[in-house]
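Heads up, run.txt below (compact mmCIF, C-alpha atoms):
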```
# COMPACT_ATOMS: atom_id res chain seq x y z
CA MET R 86 -143.14 -11.84 -84.04
CA LEU R 87 -143.68 -15.25 -85.60
CA PRO R 88 -147.02 -16.05 -87.29
CA ILE R 89 -147.92 -18.79 -84.79
CA ASN R 90 -147.59 -16.27 -81.99
CA ARG R 91 -150.25 -14.09 -83.55
CA PHE R 92 -152.37 -17.10 -84.45
CA LEU R 93 -152.38 -18.52 -80.95
CA GLY R 94 -152.34 -15.16 -79.26
CA PHE R 95 -148.86 -15.56 -77.79
CA SER R 96 -147.85 -12.07 -78.80
CA ARG R 97 -146.42 -11.35 -75.36
CA VAL R 98 -143.95 -14.15 -74.89
CA ILE R 99 -142.47 -12.81 -71.70
CA LEU R 100 -145.36 -13.03 -69.31
CA LEU R 101 -145.03 -10.60 -66.50
CA ASP R 102 -148.56 -9.45 -65.79
CA VAL R 103 -150.65 -11.24 -63.20
CA VAL R 104 -153.60 -11.99 -65.50
CA SER R 105 -151.48 -13.86 -68.06
CA ILE R 106 -149.70 -15.92 -65.42
CA THR R 107 -153.01 -16.69 -63.72
CA LEU R 108 -154.47 -17.82 -67.06
CA ALA R 109 -151.41 -20.00 -67.77
CA VAL R 110 -151.70 -21.60 -64.35
CA LEU R 111 -155.47 -21.99 -63.99
CA LEU R 112 -156.71 -22.88 -67.48
CA PRO R 113 -154.75 -26.16 -67.88
CA LEU R 114 -155.76 -27.09 -64.33
CA ILE R 115 -159.45 -26.49 -65.09
CA VAL R 116 -159.27 -28.39 -68.39
CA LEU R 117 -157.57 -31.34 -66.72
CA TRP R 118 -160.01 -31.34 -63.84
CA ILE R 119 -162.94 -31.42 -66.29
CA ILE R 120 -161.37 -34.35 -68.18
CA TYR R 121 -160.72 -36.12 -64.88
CA SER R 122 -164.32 -35.54 -63.76
CA LEU R 123 -165.56 -37.20 -66.96
CA GLY R 124 -164.00 -40.46 -65.77
CA LYS R 125 -166.04 -43.04 -63.93
CA LYS R 126 -166.09 -42.54 -60.18
CA SER R 127 -166.22 -45.32 -57.62
CA LYS R 128 -169.79 -45.93 -56.51
CA ARG R 129 -168.90 -48.23 -53.66
CA GLU R 130 -169.20 -46.19 -50.51
CA THR R 131 -168.90 -49.17 -48.21
CA GLY R 132 -167.31 -52.57 -48.48
CA ARG R 133 -164.61 -51.52 -50.85
CA GLU R 134 -162.11 -54.12 -51.98
CA PRO R 135 -159.15 -54.21 -49.62
CA TYR R 136 -156.75 -54.58 -52.56
CA VAL R 137 -157.20 -54.78 -56.28
CA SER R 138 -155.76 -58.28 -56.15
CA GLY R 139 -158.98 -59.38 -54.40
CA HIS R 140 -157.12 -60.95 -51.49
CA LYS R 141 -158.21 -60.10 -47.97
CA PHE R 142 -155.26 -58.49 -46.26
CA PRO R 143 -155.53 -56.25 -43.24
CA SER R 144 -154.51 -52.62 -43.78
CA ILE R 145 -150.93 -52.28 -42.68
CA ARG R 146 -148.92 -49.55 -41.14
CA ILE R 147 -146.40 -47.97 -43.44
CA PRO R 148 -143.15 -49.88 -42.96
CA TYR R 149 -141.08 -46.80 -43.76
CA SER R 150 -140.58 -43.95 -41.39
CA PRO R 151 -142.46 -40.77 -42.39
CA MET R 152 -139.20 -38.97 -41.66
CA TRP R 153 -137.91 -40.40 -44.91
CA LEU R 154 -140.53 -38.38 -46.78
CA PHE R 155 -139.63 -35.21 -44.91
CA PHE R 156 -136.00 -35.83 -45.76
CA ILE R 157 -136.78 -36.22 -49.47
CA SER R 158 -138.86 -33.02 -49.47
CA TYR R 159 -136.11 -31.10 -47.74
CA PHE R 160 -133.53 -32.53 -50.09
CA ILE R 161 -135.48 -31.28 -53.11
CA LEU R 162 -135.84 -27.78 -51.67
CA TRP R 163 -132.25 -27.77 -50.48
CA ASP R 164 -130.68 -28.57 -53.84
CA ILE R 165 -132.92 -26.10 -55.68
CA ILE R 166 -131.91 -23.29 -53.32
CA LEU R 167 -128.27 -24.36 -53.57
CA ILE R 168 -128.40 -24.11 -57.36
CA PHE R 169 -130.03 -20.68 -57.07
CA VAL R 170 -127.22 -19.50 -54.80
CA LEU R 171 -124.56 -20.97 -57.06
CA PHE R 172 -125.80 -19.21 -60.15
CA THR R 173 -127.04 -15.94 -58.75
CA ALA R 174 -124.19 -15.24 -56.33
CA SER R 175 -122.68 -12.62 -58.62
CA GLY R 176 -125.95 -10.85 -59.42
CA ALA R 177 -128.07 -11.01 -56.29
CA SER R 178 -127.71 -8.71 -53.33
CA LEU R 179 -125.69 -9.79 -50.31
CA GLU R 180 -128.78 -9.93 -48.08
CA VAL R 181 -130.50 -12.43 -50.38
CA ILE R 182 -127.43 -14.66 -50.66
CA ALA R 183 -126.84 -14.53 -46.90
CA SER R 184 -130.45 -15.41 -46.09
CA LEU R 185 -130.44 -18.30 -48.57
CA ALA R 186 -127.15 -19.56 -47.16
CA ILE R 187 -128.62 -19.51 -43.65
CA LEU R 188 -131.66 -21.38 -45.00
CA ILE R 189 -129.45 -24.05 -46.55
CA VAL R 190 -127.58 -24.62 -43.28
CA THR R 191 -130.85 -24.72 -41.31
CA MET R 192 -132.43 -27.17 -43.72
CA ALA R 193 -129.34 -29.38 -43.73
CA ALA R 194 -129.57 -29.58 -39.95
CA TYR R 195 -133.33 -30.07 -39.82
CA PRO R 196 -133.44 -33.82 -40.61
CA VAL R 197 -131.04 -34.38 -37.70
CA ARG R 198 -133.38 -32.47 -35.41
CA LEU R 199 -136.35 -34.35 -36.82
CA ARG R 200 -134.68 -37.69 -36.18
CA ARG R 201 -134.26 -36.79 -32.50
CA VAL R 202 -137.92 -35.76 -32.25
CA VAL R 203 -139.14 -38.97 -33.91
CA LYS R 204 -136.95 -41.11 -31.67
CA LYS R 205 -138.39 -39.49 -28.54
CA MET T 123 -159.51 -7.96 -72.86
CA MET T 124 -159.69 -9.62 -76.29
CA GLU T 125 -155.97 -10.27 -76.08
CA TYR T 126 -156.42 -12.27 -72.88
CA VAL T 127 -159.29 -14.27 -74.41
CA ILE T 128 -157.13 -15.23 -77.40
CA PHE T 129 -154.28 -16.06 -75.07
CA GLY T 130 -156.60 -18.26 -72.96
CA VAL T 131 -157.82 -20.11 -76.06
CA GLY T 132 -154.17 -20.62 -77.03
CA ILE T 133 -153.38 -22.12 -73.62
CA ILE T 134 -156.34 -24.53 -73.89
CA CYS T 135 -155.25 -25.56 -77.42
CA TRP T 136 -151.72 -26.08 -76.13
CA THR T 137 -153.02 -28.32 -73.31
CA PHE T 138 -155.07 -30.53 -75.64
CA GLY T 139 -152.23 -30.57 -78.18
CA LEU T 140 -149.75 -31.75 -75.58
CA ILE T 141 -152.09 -34.53 -74.43
CA PHE T 142 -152.37 -35.61 -78.07
CA ILE T 143 -148.57 -35.58 -78.40
CA ALA T 144 -148.29 -37.69 -75.25
CA PHE T 145 -150.49 -40.36 -76.90
CA ILE T 146 -148.32 -40.26 -80.03
CA VAL T 147 -145.17 -40.55 -77.88
CA GLU T 148 -146.52 -43.64 -76.11
CA TRP T 149 -147.51 -45.22 -79.40
CA PHE T 150 -144.04 -44.48 -80.83
CA TYR T 151 -142.35 -45.96 -77.75
CA ARG T 152 -144.46 -49.11 -77.75
CA LYS T 153 -144.32 -49.65 -81.52
CA LEU T 154 -140.57 -49.12 -81.64
CA MET T 155 -139.95 -51.37 -78.65
CA GLY T 156 -142.19 -54.01 -80.26
CA HIS T 157 -140.14 -53.99 -83.44
CA MET T 158 -136.87 -54.03 -81.51
CA GLN T 159 -138.08 -57.12 -79.65
CA HIS T 160 -139.36 -58.82 -82.83
CA ARG T 161 -142.99 -58.13 -81.99
CA VAL T 162 -145.59 -56.18 -83.96
CA GLY T 163 -146.53 -53.74 -81.20
CA PRO T 164 -149.86 -51.89 -81.17
CA LYS T 165 -151.74 -52.47 -84.43
CA LEU T 166 -155.49 -52.61 -83.84
CA ALA T 167 -156.69 -49.12 -82.92
CA GLY T 168 -156.32 -46.77 -85.90
CA PRO T 169 -153.90 -47.09 -88.80
CA ILE T 170 -150.77 -49.01 -87.63
CA GLY T 171 -152.17 -48.79 -84.10
CA ILE T 172 -151.56 -45.06 -83.75
CA LEU T 173 -154.71 -44.55 -81.65
CA GLN T 174 -153.83 -47.33 -79.17
CA ALA T 175 -152.75 -44.99 -76.36
CA PHE T 176 -155.87 -42.88 -76.82
CA ALA T 177 -158.05 -46.01 -76.78
CA ASP T 178 -156.33 -47.19 -73.59
CA PHE T 179 -156.97 -43.79 -72.00
CA ILE T 180 -160.68 -43.87 -72.89
CA LYS T 181 -160.98 -47.45 -71.67
CA LEU T 182 -159.39 -46.64 -68.31
CA MET T 183 -161.52 -43.52 -67.89
CA ASN T 184 -164.62 -45.69 -68.24
CA LYS T 185 -163.52 -48.28 -65.71
CA GLU T 186 -164.61 -47.97 -62.11
CA GLU T 187 -161.81 -47.07 -59.75
CA ILE T 188 -161.22 -49.33 -56.77
CA SER T 189 -159.15 -48.26 -53.81
CA PRO T 190 -158.24 -50.02 -50.58
CA GLU T 191 -159.83 -49.16 -47.27
CA GLY T 192 -158.29 -46.15 -45.60
CA THR T 193 -157.10 -44.51 -48.82
CA ASP T 194 -156.98 -40.74 -48.90
CA ASP T 195 -159.09 -40.52 -52.09
CA THR T 196 -159.23 -36.73 -52.29
CA MET T 197 -155.47 -36.40 -52.15
CA VAL T 198 -154.89 -39.16 -54.72
CA ASP T 199 -157.36 -37.47 -57.11
CA PHE T 200 -155.66 -34.13 -56.56
CA LEU T 201 -152.17 -35.52 -57.17
CA ALA T 202 -153.29 -37.29 -60.36
CA VAL T 203 -154.49 -33.98 -61.83
CA PHE T 204 -151.70 -31.91 -60.29
CA GLY T 205 -148.98 -34.17 -61.73
CA VAL T 206 -150.26 -33.83 -65.28
CA TRP T 207 -150.77 -30.10 -64.81
CA LEU T 208 -147.21 -29.69 -63.57
CA VAL T 209 -145.71 -31.33 -66.66
CA ILE T 210 -147.96 -29.30 -68.97
CA PHE T 211 -146.81 -26.15 -67.17
CA MET T 212 -143.20 -27.27 -67.65
CA SER T 213 -143.83 -27.48 -71.39
CA PHE T 214 -144.64 -23.73 -71.40
CA LEU T 215 -140.95 -23.14 -70.64
CA LEU T 216 -139.62 -25.28 -73.49
CA PRO T 217 -138.58 -23.47 -76.69
CA ILE T 218 -140.79 -25.36 -79.14
CA TYR T 219 -142.05 -22.87 -81.73
CA THR T 220 -139.37 -20.21 -81.32
CA VAL T 221 -136.07 -19.67 -79.47
CA HIS T 222 -137.83 -19.22 -76.15
CA GLY T 223 -140.76 -20.83 -74.44
CA LEU T 224 -144.28 -19.55 -74.10
CA ILE T 225 -143.20 -18.35 -70.66
CA SER T 226 -139.69 -16.94 -70.66
CA PHE T 227 -137.83 -14.97 -68.03
CA THR T 228 -134.34 -14.72 -66.59
CA GLY T 229 -133.67 -17.88 -64.61
CA ASP T 230 -136.31 -20.01 -66.32
CA ALA T 231 -133.79 -22.86 -66.74
CA ILE T 232 -133.54 -23.24 -62.97
CA PHE T 233 -137.30 -22.95 -62.65
CA LEU T 234 -137.66 -25.79 -65.18
CA ILE T 235 -135.25 -27.99 -63.20
CA ALA T 236 -137.10 -27.14 -59.98
CA LEU T 237 -140.46 -28.15 -61.49
CA PHE T 238 -138.86 -31.36 -62.71
CA ALA T 239 -137.71 -32.14 -59.17
CA VAL T 240 -141.11 -31.37 -57.62
CA GLY T 241 -142.77 -33.67 -60.18
CA SER T 242 -140.76 -36.60 -58.83
CA LEU T 243 -142.22 -36.07 -55.39
CA ILE T 244 -145.69 -36.99 -56.71
CA TYR T 245 -144.50 -40.53 -57.46
CA ILE T 246 -143.18 -40.81 -53.91
CA VAL T 247 -146.13 -39.31 -52.04
CA THR T 248 -149.03 -40.92 -53.95
CA PRO T 249 -148.23 -44.57 -53.07
CA TYR T 250 -148.07 -43.67 -49.37
CA LEU T 251 -151.73 -42.62 -49.53
CA PHE T 252 -152.76 -46.26 -50.07
CA LYS T 253 -152.40 -48.47 -47.04
CA SER T 254 -151.02 -51.26 -49.13
CA PRO T 255 -147.64 -53.01 -48.98
CA TYR T 256 -146.76 -53.07 -52.68
CA PRO T 257 -147.13 -49.33 -53.35
CA THR T 258 -145.33 -48.54 -50.11
CA VAL T 259 -142.32 -50.65 -51.06
CA GLY T 260 -142.47 -49.11 -54.56
CA ALA T 261 -142.49 -45.60 -53.04
CA GLY T 262 -139.46 -46.43 -50.90
CA ARG T 263 -137.60 -47.65 -53.97
CA ARG T 264 -138.67 -44.58 -55.85
CA ALA T 265 -137.32 -42.35 -53.07
CA GLU T 266 -133.97 -44.15 -53.10
CA LEU T 267 -133.83 -43.85 -56.87
CA TYR T 268 -134.65 -40.16 -56.64
CA LEU T 269 -131.81 -39.46 -54.21
CA SER T 270 -129.44 -41.31 -56.54
CA TYR T 271 -130.17 -39.61 -59.85
CA GLU T 272 -131.05 -36.10 -58.72
CA VAL T 273 -127.58 -34.90 -57.76
CA PRO T 274 -125.75 -36.12 -60.90
CA MET T 275 -128.48 -34.78 -63.16
CA PHE T 276 -128.39 -31.38 -61.47
CA LEU T 277 -124.62 -31.27 -61.87
CA ALA T 278 -124.92 -32.24 -65.54
CA LEU T 279 -127.48 -29.53 -66.28
CA ALA T 280 -125.55 -27.07 -64.11
CA SER T 281 -122.41 -27.67 -66.18
CA VAL T 282 -124.34 -26.50 -69.27
CA MET T 283 -125.31 -23.34 -67.41
CA LEU T 284 -121.68 -22.90 -66.31
CA VAL T 285 -120.47 -23.02 -69.92
CA THR T 286 -123.22 -20.71 -71.11
CA GLY T 287 -122.82 -18.29 -68.23
CA SER T 288 -126.57 -17.88 -68.23
CA ILE T 289 -129.56 -19.41 -66.48
CA THR T 290 -132.00 -18.51 -69.25
CA ILE T 291 -133.20 -21.12 -71.75
CA SER T 292 -133.12 -18.74 -74.72
CA ASP T 293 -129.33 -18.35 -74.14
CA ILE T 294 -128.67 -22.00 -73.34
CA ILE T 295 -129.97 -23.37 -76.66
CA TYR T 296 -127.12 -21.63 -78.53
CA THR T 297 -124.43 -23.25 -76.34
CA PRO T 298 -123.83 -26.48 -78.35
CA LEU T 299 -123.14 -24.40 -81.47
CA LYS T 300 -120.26 -22.51 -79.85
CA THR T 301 -116.66 -23.41 -79.03
CA LEU T 302 -114.66 -23.03 -75.84
CA GLY T 303 -110.91 -22.78 -76.28
CA GLY T 304 -111.25 -24.09 -79.81
CA ILE T 305 -113.12 -27.19 -78.67
CA PRO T 306 -116.79 -27.59 -79.70
CA ILE T 307 -118.90 -27.28 -76.58
CA PHE T 308 -121.07 -30.17 -77.75
CA ILE T 309 -118.04 -32.47 -77.41
CA LEU T 310 -117.11 -30.98 -74.02
CA LEU T 311 -120.62 -31.62 -72.73
CA MET T 312 -120.79 -35.26 -73.84
CA PRO T 313 -120.42 -36.71 -70.29
CA ALA T 314 -123.22 -34.40 -69.11
CA LEU T 315 -125.40 -35.55 -72.01
CA ILE T 316 -124.89 -39.20 -71.03
CA VAL T 317 -125.61 -38.43 -67.37
CA SER T 318 -128.77 -36.49 -68.29
CA LEU T 319 -130.01 -39.26 -70.57
CA ILE T 320 -129.59 -41.80 -67.76
CA GLY T 321 -131.18 -39.34 -65.32
CA VAL T 322 -134.23 -38.80 -67.53
CA MET T 323 -134.64 -42.57 -67.97
CA ALA T 324 -134.53 -43.04 -64.20
CA ARG T 325 -136.94 -40.15 -63.73
CA ILE T 326 -139.58 -41.62 -66.01
CA LYS T 327 -138.93 -45.15 -64.69
CA LYS T 328 -138.21 -46.69 -68.03
CA LEU T 329 -136.25 -49.91 -68.25
CA PRO T 330 -133.68 -50.66 -66.84
CA PHE T 331 -134.69 -48.28 -64.01
CA ASP T 332 -138.28 -49.42 -63.48
CA ILE T 333 -137.52 -50.86 -60.06
CA PRO T 334 -140.33 -48.90 -58.30
CA GLU T 335 -142.91 -50.82 -60.32
CA ALA T 336 -140.98 -54.08 -60.95
CA LYS T 337 -143.98 -56.02 -62.22
CA THR T 338 -142.56 -59.48 -61.49
CA GLU T 339 -141.58 -58.71 -57.87
CA LEU T 340 -143.92 -55.98 -56.71
CA ALA T 341 -147.01 -56.47 -58.89
CA ALA T 342 -146.55 -53.02 -60.47
CA GLY T 343 -145.24 -51.59 -57.17
CA TRP T 344 -146.16 -47.96 -56.64
CA GLU T 345 -149.06 -48.10 -59.13
CA ALA T 346 -150.51 -51.43 -57.92
CA GLU T 347 -153.56 -49.77 -56.36
CA LEU T 348 -154.17 -47.27 -59.14
CA SER T 349 -157.15 -48.06 -61.33
CA GLY T 350 -159.69 -46.37 -63.58
CA ARG T 351 -159.21 -42.68 -64.23
CA ARG T 352 -156.37 -42.43 -61.74
CA LEU T 353 -154.32 -44.98 -63.68
CA ALA T 354 -155.28 -43.23 -66.93
CA PHE T 355 -153.91 -39.92 -65.59
CA PHE T 356 -150.73 -41.43 -64.15
CA ASN T 357 -150.07 -43.20 -67.45
CA LEU T 358 -150.62 -39.87 -69.20
CA LEU T 359 -148.21 -38.26 -66.72
CA THR T 360 -145.50 -40.80 -67.56
CA ASP T 361 -145.94 -40.22 -71.31
CA LEU T 362 -145.85 -36.46 -70.85
CA LYS T 363 -142.71 -36.77 -68.74
CA LEU T 364 -141.07 -38.82 -71.49
CA PHE T 365 -141.80 -36.02 -73.95
CA VAL T 366 -140.85 -33.14 -71.66
CA GLY T 367 -137.78 -35.00 -70.30
CA SER T 368 -136.55 -35.56 -73.84
CA GLY T 369 -137.39 -31.90 -74.52
CA VAL T 370 -135.16 -30.84 -71.62
CA ILE T 371 -132.25 -32.87 -73.07
CA VAL T 372 -132.85 -31.33 -76.51
CA THR T 373 -133.00 -27.84 -75.00
CA PHE T 374 -129.86 -28.14 -72.90
CA PHE T 375 -127.63 -30.23 -75.16
CA LEU T 376 -128.91 -30.40 -78.72
CA GLY T 377 -129.68 -26.81 -79.58
CA GLY T 378 -133.41 -26.90 -78.84
CA PRO T 379 -135.45 -25.86 -81.89
CA LEU T 380 -132.44 -24.63 -83.89
CA GLY T 381 -131.89 -26.34 -87.21
CA PRO T 382 -128.64 -26.92 -89.11
CA MET T 383 -129.03 -23.69 -91.06
CA PRO T 384 -128.34 -20.29 -89.49
CA PHE T 385 -131.77 -18.96 -90.52
CA ALA T 386 -135.34 -20.04 -89.89
CA PRO T 387 -137.99 -19.72 -92.64
CA GLY T 388 -140.82 -19.67 -90.10
CA TRP T 389 -142.20 -21.04 -86.88
CA TRP T 390 -142.76 -24.49 -88.47
CA TRP T 391 -139.00 -24.79 -88.91
CA TYR T 392 -138.45 -24.56 -85.15
CA VAL T 393 -141.33 -26.93 -84.43
CA PHE T 394 -140.01 -29.48 -86.94
CA TRP T 395 -136.48 -29.51 -85.52
CA PHE T 396 -137.61 -29.59 -81.91
CA PHE T 397 -139.87 -32.58 -82.51
CA PHE T 398 -137.31 -34.30 -84.75
CA LYS T 399 -134.67 -34.07 -82.01
CA VAL T 400 -137.13 -35.10 -79.28
CA PHE T 401 -138.11 -38.22 -81.18
CA ILE T 402 -134.44 -39.07 -81.76
CA VAL T 403 -133.87 -38.87 -77.98
CA ILE T 404 -136.96 -41.05 -77.41
CA PHE T 405 -135.56 -43.49 -79.98
CA PHE T 406 -132.34 -43.82 -77.96
CA ILE T 407 -134.27 -44.20 -74.70
CA THR T 408 -136.38 -46.95 -76.30
CA TRP T 409 -133.28 -48.61 -77.71
CA ILE T 410 -131.64 -48.79 -74.28
CA ALA T 411 -134.91 -49.85 -72.62
CA SER T 412 -135.43 -52.72 -75.03
CA SER T 413 -131.83 -53.92 -74.81
CA VAL T 414 -131.11 -53.93 -71.07
CA ALA T 415 -132.74 -55.98 -68.32
CA ARG T 416 -134.00 -54.32 -65.14
CA PHE T 417 -131.38 -53.50 -62.52
CA ARG T 418 -131.69 -54.50 -58.90
CA ILE T 419 -131.98 -51.62 -56.44
CA ASP T 420 -128.42 -52.15 -55.17
CA GLN T 421 -127.10 -52.18 -58.74
CA VAL T 422 -128.89 -48.89 -59.47
CA LEU T 423 -127.49 -47.25 -56.33
CA GLU T 424 -124.01 -48.49 -57.20
CA LEU T 425 -124.36 -47.24 -60.77
CA PHE T 426 -125.46 -43.76 -59.75
CA TRP T 427 -123.26 -43.17 -56.71
CA LYS T 428 -120.08 -44.86 -57.99
CA LYS T 429 -120.20 -44.19 -61.73
CA VAL T 430 -122.72 -41.53 -62.78
CA LEU T 431 -122.03 -39.07 -59.93
CA PRO T 432 -118.22 -39.15 -60.46
CA LEU T 433 -118.86 -38.70 -64.21
CA SER T 434 -120.93 -35.58 -63.54
CA ILE T 435 -118.25 -34.22 -61.18
CA ILE T 436 -115.60 -34.92 -63.84
CA GLN T 437 -117.78 -32.96 -66.29
CA VAL T 438 -117.78 -29.91 -64.04
CA LEU T 439 -114.00 -30.25 -63.56
CA ILE T 440 -113.49 -30.48 -67.34
CA ILE T 441 -115.42 -27.24 -67.81
CA LEU T 442 -113.42 -25.51 -65.07
CA ALA T 443 -110.11 -26.85 -66.48
CA VAL T 444 -110.89 -25.62 -70.01
CA TRP T 445 -111.90 -22.25 -68.60
CA TRP T 446 -108.66 -22.05 -66.62
CA LEU T 447 -106.54 -23.04 -69.62
CA VAL T 448 -108.34 -20.63 -71.96
```

Would it be possible to restate this file's structure as structure tokens?
Amino acid sequence: MLPINRFLGFSRVILLDVVSITLAVLLPLIVLWIIYSLGKKSKRETGREPYVSGHKFPSIRIPYSPMWLFFISYFILWDIILIFVLFTASGASLEVIASLAILIVTMAAYPVRLRRVVKK
Amino acid sequence: MMEYVIFGVGIICWTFGLIFIAFIVEWFYRKLMGHMQHRVGPKLAGPIGILQAFADFIKLMNKEEISPEGTDDTMVDFLAVFGVWLVIFMSFLLPIYTVHGLISFTGDAIFLIALFAVGSLIYIVTPYLFKSPYPTVGAGRRAELYLSYEVPMFLALASVMLVTGSITISDIIYTPLKTLGGIPIFILLMPALIVSLIGVMARIKKLPFDIPEAKTELAAGWEAELSGRRLAFFNLLTDLKLFVGSGVIVTFFLGGPLGPMPFAPGWWWYVFWFFFKVFIVIFFITWIASSVARFRIDQVLELFWKKVLPLSIIQVLIILAVWWLV
């Protein structure tokens, strides 16, 4: 193992145990949250500025349909799963591939379904 | 038990180290862009202005945050921290000090791409939490941009995995050194490298793809309502993404931490070459950003759907053709 591994304690590079993964996930989050908490919080509970520009505009409704956001989220999940299927098709079991394929088809159809619901 | 404690200390050191590197990256970007545009760039904080990004961060952390009425403050605070955390977690997968990342497993390349994709969602969701027109328009633009660059970039990175025949980063870094049918793979993957470079630039919203913030039209767009510590963290997120995005390009196309010699004298050798290559990629990104004016949204969509996407498809076809011929 390389010296820096021993120095930093990264002797087990392939992390498979739950404690190591939990440490890798939680510690940066805690450190960042502490740094974030050191920042100055807003003390204005009421009468906050409507916009940082200082102009008085009424709060507006989002001009975009929320369905757009759902579509983006589904698109992200869809292409990740598609890549998984593409590259693991030879190694994974048939049940896994079949279930992922069904998931892809369902997710591809879901925005269409959502559009109908939103229109109603 | 002691092993976990040392490991935990290592993780904390890594986190602070990466934040420090993000400040250096921003200084490098701004200084280089300044010189390319015949300006001086940052020069006041620290020697040759090297502490400017750190000073900006401290200044923003000490400013009071102001948000419009009706803002979901808790969610915005969460996303500011979560975004930075996500990129730091991505860095655990990059092979910086050896031929594999701090976290390495079969399929980690796909996991890295997946985290990259999820990170983009933060830029789209956060502006919607402010009931303000500028961020909302910026978020819409960001979403359109995301749909445009995601597919070509996935295809480009997927073509590297196709050539390698592996979805593990520790295998992928050796790919550019090999040949396929007598042709160096680095040459074969040139279209994918170009597509990925454009994709990373669009992902981190650097010029000419900064249409979601478009300061002259949208008053900073998606980040118009960010202030104080939130703005500090989102700026940090952008700098970290510049580093990690360049790191992804280095890992997939430029041999990661491997140097020109077939041996490595020690861990510092890998660290040196990884950072050297990352800063070369950042140099090219800065060069393009300082030379090209911002695109309009229709020009970006045309570029990605009519030019970059076909280029990435051609790349996959080239790989398949060489395979078939060999």

Self-check item: T:Gly381, T:Pro334, T:Gly163, T:Pro217 ranked by distance to chain R, top pick (using all atoms listed in the file)
Solution: T:Pro217

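Among the candidates T:Asp199, T:Glu191, T:Asp178, T:Glu148, the residue lying nearest to R:Lys126 is T:Asp199 (atoms considered: only C-alpha atoms).
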
Which residues of chain T come within 7 Å of chain R, and for each one, what is the closest pair of atoms and their distance in Å to one decimal, counting only C-alpha atoms, sorted by chain and residue number, as a tab-separated table?
```
residue	atom	partner	partner_atom	distance
T:Glu125	CA	R:Gly94	CA	6.9
T:Ile128	CA	R:Gly94	CA	5.1
T:Phe129	CA	R:Gly94	CA	4.7
T:Gly130	CA	R:Leu108	CA	6.3
T:Gly132	CA	R:Leu93	CA	4.8
T:Ile133	CA	R:Ala109	CA	6.5
T:Ile134	CA	R:Pro113	CA	6.4
T:Thr137	CA	R:Pro113	CA	6.1
T:Met183	CA	R:Gly124	CA	4.5
T:Asn184	CA	R:Lys125	CA	5.3
T:Lys185	CA	R:Lys125	CA	6.1
T:Glu186	CA	R:Lys125	CA	5.4
T:Glu187	CA	R:Ser127	CA	5.2
T:Ile188	CA	R:Ser127	CA	6.5
T:Ser189	CA	R:Glu134	CA	6.8
T:Pro190	CA	R:Pro135	CA	4.4
T:Glu191	CA	R:Pro135	CA	5.6
T:Val203	CA	R:Leu117	CA	6.4
T:Trp207	CA	R:Leu114	CA	5.8
T:Leu224	CA	R:Val98	CA	5.5
T:Ile225	CA	R:Ile99	CA	5.7
T:Ser226	CA	R:Ile99	CA	5.1
T:Phe227	CA	R:Ile99	CA	6.3
T:Ala236	CA	R:Ile165	CA	6.1
T:Ala239	CA	R:Ile161	CA	6.5
T:Lys253	CA	R:Ser144	CA	5.7
T:Ser254	CA	R:Ile145	CA	6.5
T:Thr258	CA	R:Ile147	CA	6.8
T:Glu347	CA	R:Val137	CA	6.2
T:Arg351	CA	R:Gly124	CA	5.5
T:Gly388	CA	R:Leu87	CA	6.9
T:Trp389	CA	R:Leu87	CA	6.1
```

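What separates atom CA of T:Pro313 from atom CA of T:Thr408 is a distance of 19.9 Å.
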
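Separating atom CA of T:Tyr250 from atom CA of T:Phe356 is a distance of 15.2 Å.
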
Quiz prompt | Å distance separating atom CA of T:Ser412 from atom CA of T:Met155, one decimal place | solution = 5.9 Å

Quiz item: Hey, can you pull every residue with an atom no more than 6 Å from (-156.8, -46.7, -63.3), using only C-alpha atoms, and send it as a VMD selection string?
Solution: chain T and resid 182 348 to 354

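Remark: for T:Ile333, the closest of the candidate residues T:Leu299, T:Leu234, T:Ala261, T:Leu201 is T:Ala261 (distances computed over all atoms listed in the file).
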
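Counting all atoms listed in the file and comparing T:Tyr126, T:Phe355, T:Phe308, T:Phe396, the residue that lies closest to T:Phe145 is T:Phe355.
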
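Excluding T:Pro330 itself and same-chain residues fewer than 3 positions from it, the residues having an atom within 9 Å of it are Met323, Ala324, Lys327, Ile333, Ile410, Ala411, Ser412, Ser413, Val414, Ala415, Arg416, Phe417 and Val422 of chain T, counting all atoms listed in the file.
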
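For T:Ile371, the list of residues within 10 Å, based on all atoms listed in the file and with local chain neighbours fewer than 5 positions off taken out, reads Leu279, Ala314, Leu315, Ile316, Ser318, Leu319, Val322, Val366, Leu376, Gly377, Gly378, Lys399, Val400 and Val403 of chain T.
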
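Nearest to T:Ile180 of all the residues T:Leu358, T:Val147, T:Met158, T:Met283 is T:Leu358, based on all atoms listed in the file.
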